[in-house]
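Heads up, start_1.txt below (compact mmCIF, C-alpha atoms):
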```txt
# COMPACT_ATOMS: atom_id res chain seq x y z
CA ARG A 1 0.00 0.00 0.00
CA ASP A 2 2.85 2.42 0.83
CA ARG A 3 4.41 1.79 -2.54
CA ALA A 4 1.04 2.25 -4.21
CA THR A 5 0.56 5.75 -2.78
CA ARG A 6 4.08 7.17 -2.57
CA PRO A 7 4.69 10.46 -4.43
CA TYR A 8 6.37 10.25 -7.85
CA PRO A 9 6.78 6.46 -7.69
CA PHE A 10 7.71 5.95 -11.35
CA LEU A 11 10.70 8.29 -11.31
CA PRO A 12 13.42 5.86 -10.19
CA ALA A 13 12.53 3.14 -12.71
CA MET A 14 11.93 5.51 -15.63
CA ALA A 15 15.01 7.57 -14.84
CA ALA A 16 17.20 4.47 -14.58
CA CYS A 17 15.86 3.26 -17.94
CA ALA A 18 16.56 6.64 -19.52
CA LEU A 19 20.07 6.70 -18.10
CA LEU A 20 20.95 3.22 -19.34
CA ALA A 21 19.55 4.02 -22.78
CA ALA A 22 21.60 7.22 -22.82
CA GLN A 23 24.73 5.22 -21.98
CA VAL A 24 24.15 3.08 -25.08
CA HIS A 25 24.35 6.30 -27.12
CA GLY A 26 27.21 7.75 -25.08
CA GLU A 27 25.01 10.52 -23.69
CA THR A 28 24.91 10.77 -19.90
CA GLY A 29 26.41 13.89 -18.32
CA GLU A 30 23.87 16.00 -16.45
CA LEU A 31 21.20 13.31 -16.69
CA ALA A 32 23.35 10.90 -14.69
CA LEU A 33 23.83 13.44 -11.93
CA LYS A 34 20.13 14.19 -11.68
CA VAL A 35 19.19 10.51 -11.68
CA HIS A 36 21.63 9.94 -8.83
CA GLU A 37 19.89 12.69 -6.84
CA LEU A 38 16.57 10.86 -7.07
CA GLY A 39 17.74 8.41 -4.46
CA THR A 40 18.47 11.12 -1.89
CA THR A 41 15.70 13.69 -2.34
CA VAL A 42 12.19 13.83 -0.89
CA GLY A 43 9.16 16.11 -0.86
CA GLN A 44 9.34 19.44 -2.66
CA GLN A 45 13.00 18.99 -3.53
CA ARG A 46 12.11 15.75 -5.31
CA ALA A 47 9.22 17.47 -7.05
CA ARG A 48 11.54 20.21 -8.32
CA LEU A 49 14.00 17.59 -9.53
CA PHE A 50 11.18 15.95 -11.49
CA VAL A 51 10.53 19.29 -13.22
CA ASP A 52 14.24 19.54 -14.06
CA LEU A 53 14.28 16.02 -15.44
CA GLU A 54 11.12 16.35 -17.54
CA PRO A 55 12.86 17.82 -20.63
CA ALA A 56 15.25 14.86 -20.67
CA LEU A 57 12.77 12.14 -19.71
CA GLY A 58 9.73 13.48 -21.53
CA LYS A 59 5.97 13.16 -21.34
CA PRO A 60 5.78 9.48 -20.35
CA LEU A 61 6.65 10.55 -16.81
CA LEU A 62 3.77 12.98 -16.82
CA SER A 63 1.44 10.21 -17.98
CA CYS A 64 2.61 8.03 -15.11
CA ILE A 65 2.13 10.83 -12.60
CA ASP A 66 -1.43 11.25 -13.90
CA VAL A 67 -2.18 7.68 -12.80
CA VAL A 68 -0.81 8.40 -9.33
CA ASN A 69 -2.96 11.51 -9.09
CA GLY A 70 -6.10 9.51 -9.67
CA LYS A 71 -6.55 10.15 -13.39
CA ALA A 72 -6.49 6.51 -14.45
CA ASP A 73 -10.09 7.06 -15.52
CA ASP A 74 -8.89 9.16 -18.46
CA SER A 75 -7.74 6.22 -20.58
CA CYS A 76 -9.67 3.54 -22.44
CA THR A 77 -9.99 0.36 -20.37
CA ARG A 78 -9.99 -1.83 -23.49
CA CYS A 79 -7.01 -0.55 -25.47
CA SER A 80 -5.36 1.95 -23.06
CA ALA A 81 -5.71 4.81 -25.52
CA PRO A 82 -5.32 8.10 -23.61
CA PHE A 83 -8.25 10.46 -23.08
CA GLY A 84 -10.83 7.69 -23.59
CA ASP A 85 -12.96 8.33 -20.49
CA LEU A 86 -14.72 4.93 -20.28
CA LEU A 87 -14.06 3.48 -23.72
CA CYS A 88 -12.32 5.34 -26.50
CA THR A 89 -14.31 6.26 -29.59
CA GLU A 90 -12.91 3.26 -31.50
CA CYS A 91 -13.60 0.62 -28.86
CA SER A 92 -17.06 1.94 -28.01
CA VAL A 93 -18.42 1.05 -31.44
CA GLU A 94 -18.09 -1.91 -33.76
CA GLY A 95 -15.26 -0.93 -36.02
CA THR A 96 -11.50 -0.86 -36.42
CA SER A 97 -10.71 -1.80 -32.80
CA SER A 98 -13.50 -4.34 -32.30
CA ALA A 99 -11.06 -7.31 -32.25
CA MET A 100 -9.22 -5.84 -29.29
CA THR A 101 -12.47 -4.87 -27.59
CA GLU A 102 -13.73 -8.44 -27.80
CA ALA A 103 -10.47 -10.13 -26.80
CA LEU A 104 -9.21 -8.10 -23.83
CA ASP A 105 -11.26 -7.51 -20.71
CA ARG A 106 -9.18 -4.50 -19.67
CA CYS A 107 -5.98 -2.89 -20.84
CA LEU A 108 -3.48 -0.58 -19.16
CA ALA A 109 -0.25 1.03 -20.37
CA CYS A 110 2.44 2.75 -18.32
CA ALA A 111 2.69 5.71 -20.65
CA VAL A 112 2.22 7.10 -24.13
CA TYR A 113 4.94 5.96 -26.55
CA ALA A 114 6.95 9.17 -26.52
CA HIS A 115 10.43 10.29 -25.48
CA PRO A 116 12.29 8.65 -23.80
CA LEU A 117 10.44 5.34 -24.19
CA PRO A 118 11.23 4.73 -27.89
CA ARG A 119 14.94 5.08 -27.14
CA ILE A 120 14.67 2.91 -24.02
CA ILE A 121 12.80 0.11 -25.78
CA LYS A 122 15.09 0.22 -28.82
CA ALA A 123 18.17 0.04 -26.59
CA TYR A 124 16.65 -2.93 -24.78
CA LYS A 125 15.41 -4.93 -27.75
CA ASP A 126 17.81 -4.01 -30.55
CA ALA A 127 21.02 -3.05 -28.72
CA GLY A 128 20.83 -5.94 -26.26
CA GLU A 129 20.79 -3.72 -23.17
CA ARG A 130 19.42 -6.45 -20.91
CA ARG A 131 20.11 -4.44 -17.75
CA LEU A 132 16.89 -2.58 -18.55
CA ALA A 133 14.68 -5.64 -17.96
CA PRO A 134 14.27 -5.33 -14.16
CA TYR A 135 13.61 -1.58 -14.42
CA LEU A 136 10.97 -2.10 -17.10
CA ALA A 137 9.46 -4.82 -14.91
CA GLU A 138 9.31 -2.35 -12.03
CA LEU A 139 7.65 0.22 -14.27
CA LEU A 140 4.94 -2.29 -15.22
CA TYR A 141 4.52 -3.38 -11.60
CA ASP A 142 4.13 0.16 -10.26
CA THR A 143 1.66 1.02 -13.02
CA ALA A 144 -0.60 -1.93 -12.21
CA LEU A 145 -0.23 -1.44 -8.46
CA HIS A 146 -1.20 2.23 -8.63
CA ALA A 147 -4.03 1.76 -11.10
CA GLN A 148 -5.86 -0.74 -8.92
CA VAL A 149 -5.50 1.58 -5.89
CA VAL A 150 -6.41 4.93 -7.48
CA ALA A 151 -9.04 3.61 -9.91
CA PRO A 152 -10.52 0.51 -8.25
CA ASP A 153 -13.78 0.72 -10.20
CA ARG A 154 -11.86 0.40 -13.46
CA TYR A 155 -8.69 -1.51 -12.61
CA GLY A 156 -9.48 -3.18 -9.29
CA GLY A 157 -7.75 -6.57 -9.06
CA VAL A 158 -5.88 -6.11 -12.34
CA LEU A 159 -2.77 -7.35 -10.51
CA SER A 160 -3.94 -8.77 -7.19
CA GLY A 161 -6.76 -10.73 -8.84
CA ALA A 162 -4.60 -12.39 -11.49
CA ASP A 163 -3.99 -16.12 -11.23
CA ALA A 164 -0.95 -15.94 -13.49
CA VAL A 165 1.12 -13.64 -15.69
CA VAL A 166 1.55 -14.54 -19.35
CA PHE A 167 3.96 -12.68 -21.65
CA VAL A 168 3.64 -12.14 -25.38
CA PRO A 169 6.52 -14.31 -26.65
CA ALA A 170 9.05 -13.53 -29.34
CA THR A 171 9.13 -15.55 -32.54
CA ALA A 172 11.94 -18.08 -32.97
CA ALA A 173 13.53 -15.76 -35.53
CA ALA A 174 13.49 -12.80 -33.12
CA PHE A 175 14.89 -14.99 -30.36
CA ARG A 176 17.80 -16.04 -32.57
CA ARG A 177 18.44 -12.46 -33.64
CA ARG A 178 18.43 -11.00 -30.11
CA GLY A 179 19.64 -14.00 -28.18
CA PHE A 180 16.84 -13.69 -25.61
CA ASP A 181 13.08 -13.30 -25.31
CA HIS A 182 12.68 -9.67 -24.33
CA MET A 183 9.29 -10.04 -22.65
CA GLU A 184 10.20 -13.21 -20.76
CA ALA A 185 13.20 -11.35 -19.34
CA ILE A 186 10.80 -8.65 -18.08
CA ALA A 187 8.10 -11.08 -16.94
CA ARG A 188 10.37 -12.96 -14.53
CA PRO A 189 11.35 -9.97 -12.33
CA PHE A 190 7.79 -8.65 -12.67
CA CYS A 191 6.46 -11.87 -11.15
CA GLU A 192 9.07 -11.75 -8.40
CA LEU A 193 7.90 -8.22 -7.51
CA SER A 194 4.19 -8.98 -7.68
CA GLY A 195 4.14 -12.50 -6.29
CA VAL A 196 1.90 -13.59 -9.18
CA PRO A 197 3.05 -16.88 -10.79
CA LEU A 198 4.53 -16.82 -14.29
CA LEU A 199 2.88 -19.05 -16.88
CA ASP A 200 4.86 -19.54 -20.09
CA ALA A 201 1.64 -20.34 -21.93
CA LEU A 202 2.05 -19.03 -25.47
CA VAL A 203 4.11 -19.97 -28.50
CA LYS A 204 4.36 -17.47 -31.33
CA TYR A 205 4.76 -18.54 -34.95
CA GLY A 206 5.69 -16.48 -37.99
CA HIS A 207 8.56 -14.11 -38.58
CA GLY A 208 9.34 -10.57 -39.56
CA ASP A 209 9.29 -7.19 -37.84
CA GLN A 210 5.84 -5.61 -37.50
CA ARG A 211 7.01 -2.09 -36.68
CA GLU A 212 6.61 -0.84 -40.24
CA LEU A 213 3.21 -2.44 -40.83
CA GLY A 214 -0.14 -0.65 -40.79
CA ARG A 215 -3.21 -1.57 -38.75
CA GLU A 216 -4.81 -4.03 -41.17
CA GLU A 217 -1.48 -5.65 -42.08
CA ARG A 218 -0.69 -6.18 -38.39
CA ARG A 219 -4.11 -7.66 -37.74
CA GLU A 220 -3.90 -10.02 -40.71
CA ARG A 221 -0.42 -11.22 -39.74
CA ALA A 222 -1.46 -11.76 -36.11
CA ARG A 223 -4.29 -14.16 -36.99
CA GLY A 224 -3.36 -17.72 -36.07
CA MET A 225 0.09 -16.65 -34.86
CA TYR A 226 -0.29 -17.93 -31.28
CA GLU A 227 -0.79 -21.33 -29.70
CA THR A 228 -1.51 -22.07 -26.03
CA VAL A 229 0.82 -24.76 -24.66
CA GLU A 230 -0.10 -24.65 -20.94
CA ASP A 231 -3.35 -25.22 -19.06
CA VAL A 232 -5.16 -21.87 -18.70
CA GLN A 233 -8.65 -23.27 -18.12
CA GLY A 234 -10.65 -21.02 -15.80
CA LYS A 235 -7.69 -18.75 -15.00
CA ARG A 236 -7.68 -14.95 -14.80
CA LEU A 237 -4.57 -13.90 -16.71
CA LEU A 238 -2.50 -10.74 -16.92
CA LEU A 239 -0.96 -10.54 -20.41
CA ILE A 240 2.11 -8.30 -20.70
CA ASP A 241 3.85 -6.82 -23.75
CA ASP A 242 6.16 -3.92 -24.50
CA VAL A 243 4.29 -1.65 -26.92
CA ILE A 244 0.65 -1.52 -28.04
CA THR A 245 0.49 0.02 -31.51
CA THR A 246 -2.75 -1.07 -33.14
CA GLY A 247 -3.62 -3.70 -30.55
CA ALA A 248 -3.45 -6.56 -33.05
CA THR A 249 -0.82 -8.50 -31.09
CA MET A 250 -2.58 -8.16 -27.74
CA ALA A 251 -5.94 -9.02 -29.33
CA ALA A 252 -4.65 -12.13 -31.08
CA ALA A 253 -2.77 -13.41 -28.02
CA SER A 254 -5.73 -12.74 -25.72
CA ALA A 255 -8.19 -14.36 -28.13
CA GLU A 256 -6.03 -17.50 -28.24
CA LEU A 257 -5.85 -17.67 -24.42
CA LYS A 258 -9.63 -17.35 -24.18
CA ARG A 259 -10.08 -19.98 -26.89
CA ALA A 260 -8.00 -22.27 -24.66
CA GLY A 261 -10.34 -21.63 -21.74
CA ALA A 262 -8.99 -18.58 -19.85
CA ALA A 263 -11.77 -16.97 -17.80
CA ALA A 264 -10.46 -13.41 -18.31
CA VAL A 265 -7.46 -11.67 -19.84
CA ASP A 266 -6.27 -8.19 -18.90
CA GLY A 267 -3.48 -6.50 -20.85
CA LEU A 268 -0.55 -4.53 -19.45
CA ALA A 269 2.04 -2.80 -21.64
CA ILE A 270 4.96 -0.44 -21.18
CA ALA A 271 3.71 2.02 -23.79
CA ARG A 272 0.73 2.86 -25.98
CA VAL A 273 1.27 4.42 -29.41
CA TRP A 274 -1.14 7.31 -29.90
```

Is it possible to give me this structure as structure tokens?
Amino acid sequence: RDRATRPYPFLPAMAACALLAAQVHGETGELALKVHELGTTVGQQRARLFVDLEPALGKPLLSCIDVVNGKADDSCTRCSAPFGDLLCTECSVEGTSSAMTEALDRCLACAVYAHPLPRIIKAYKDAGERRLAPYLAELLYDTALHAQVVAPDRYGGVLSGADAVVFVPATAAAFRRRGFDHMEAIARPFCELSGVPLLDALVKYGHGDQRELGREERRERARGMYETVEDVQGKRLLLIDDVITTGATMAAASAELKRAGAAAVDGLAIARVW
């Protein structure tokens, strides 16, 4: 509970991620000094430091602080689009996001996909900066923990009510290219923090990078891409991934888990493209 209500709880994890990503690009300097100060400041001094860090760390921090301040009711519960009130305009009607609306029970993202998150995620996935995994796990954990405290009507039990955590797996080709499964590496420390068991339930088929694909292309490629290989019958699952772009990946993975008998699937991601 203390962790769920502490002021500026996302700063250490986000700042550490930003610092490590900056190190990959040889850019630390003043940022490193300010990040170090986070561990020794409290109250108004810490608040002022946050303001100083904002230009370097960007709007994702502000999005996280919004959750802490009780504004978790400003995002869509189905696809985590910002400013959606109850459901965003796409998920509230049958249309382009209907697959995600039908597959996921609820969805939550730590922040909008904006600076410094693109650099952080690229450094983690493409530059092999595996030291980021526990910090990204902490970011996910704090997001879920806060959301269920400050917005219990919308996100109550999203973490505490989960029977197991399932991660969206990498394809065999991506695993060979990177040398590790980036979401499994995040899921393990996330489960250690939360105490929720990890269930390695999905296998992902296919190949190729989806980052350059449009909405319909992503959705078409995602169909039939996943297979459930563990018993999920009757379980309430928390499905985690790094970035929600169109929602096709989350929708397809969730739909497969429900086809295999999962009672409910909530989604949790590091960032939401908007």

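You can rank A:Pro116, A:Pro189, A:Pro152, A:Gly267 by their closest distance to Tyr135 of chain A using all atoms listed in the file, and at the top of that list sits A:Pro189.
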
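Going from atom CA of Gly247 of chain A over to atom CA of Asp126 of chain A, you cover 21.4 Å.
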
(message) Under the rule that all atoms listed in the file are counted, which of A:Arg236, A:Lys204, A:Arg188, A:Arg177 is the nearest residue to Tyr141 of chain A?
(response) A:Arg188

(request) Do a neighbour search on segment 155-158 of chain A at 9 Å with all atoms listed in the file, toss out local chain neighbours closer than 5 positions, and write the hits as a ChimeraX atom specification. (result) /A:72,77,106-108,144-145,147-150,238,266-267

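Among the candidate residues A:Ala174, A:Leu159, A:Ala252, A:Leu198, the one lying nearest to Glu230 of chain A is A:Leu198, with distances computed using all atoms listed in the file.
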
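As for atom CA of Ala114 of chain A and atom CA of Ala271 of chain A, they are spaced 8.3 Å apart.
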
Determine, counting all atoms listed in the file, every residue of protein, DNA or RNA that lies within 10 Å of (-4.9, -24.5, -32.8) in the file coordinates, then give the result as a tab-separated table (two decimals) with C-alpha atoms, in the frame of the given file.
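What follows is the written file out_17.tsv:
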```
chain	number	residue	atom	x	y	z
A	224	GLY	CA	-3.36	-17.72	-36.07
A	225	MET	CA	0.09	-16.65	-34.86
A	226	TYR	CA	-0.29	-17.93	-31.28
A	227	GLU	CA	-0.79	-21.33	-29.70
A	228	THR	CA	-1.51	-22.07	-26.03
A	229	VAL	CA	0.82	-24.76	-24.66
A	256	GLU	CA	-6.03	-17.50	-28.24
A	259	ARG	CA	-10.08	-19.98	-26.89
A	260	ALA	CA	-8.00	-22.27	-24.66
```

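Take atom CA of Gly128 of chain A and atom CA of Arg178 of chain A: the distance between them is 6.8 Å.
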
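Within a radius of 10 Å around (4.4, 7.4, -30.4), the polymer residues are Val112, Tyr113, Ala114, His115, Leu117, Pro118, Val243, Ile244, Thr245, Ala271, Arg272, Val273 and Trp274 of chain A, counting all atoms listed in the file.
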
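If you measure from each of A:Ala255, A:Ala164, A:Val265, A:Cys76 to Ser194 of chain A using all atoms listed in the file, the closest one turns out to be A:Ala164.
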
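Distances from A:Leu139, A:Ala162, A:Leu268, A:Ile120 to Gly195 of chain A were compared using all atoms listed in the file, and the smallest one belongs to A:Ala162.
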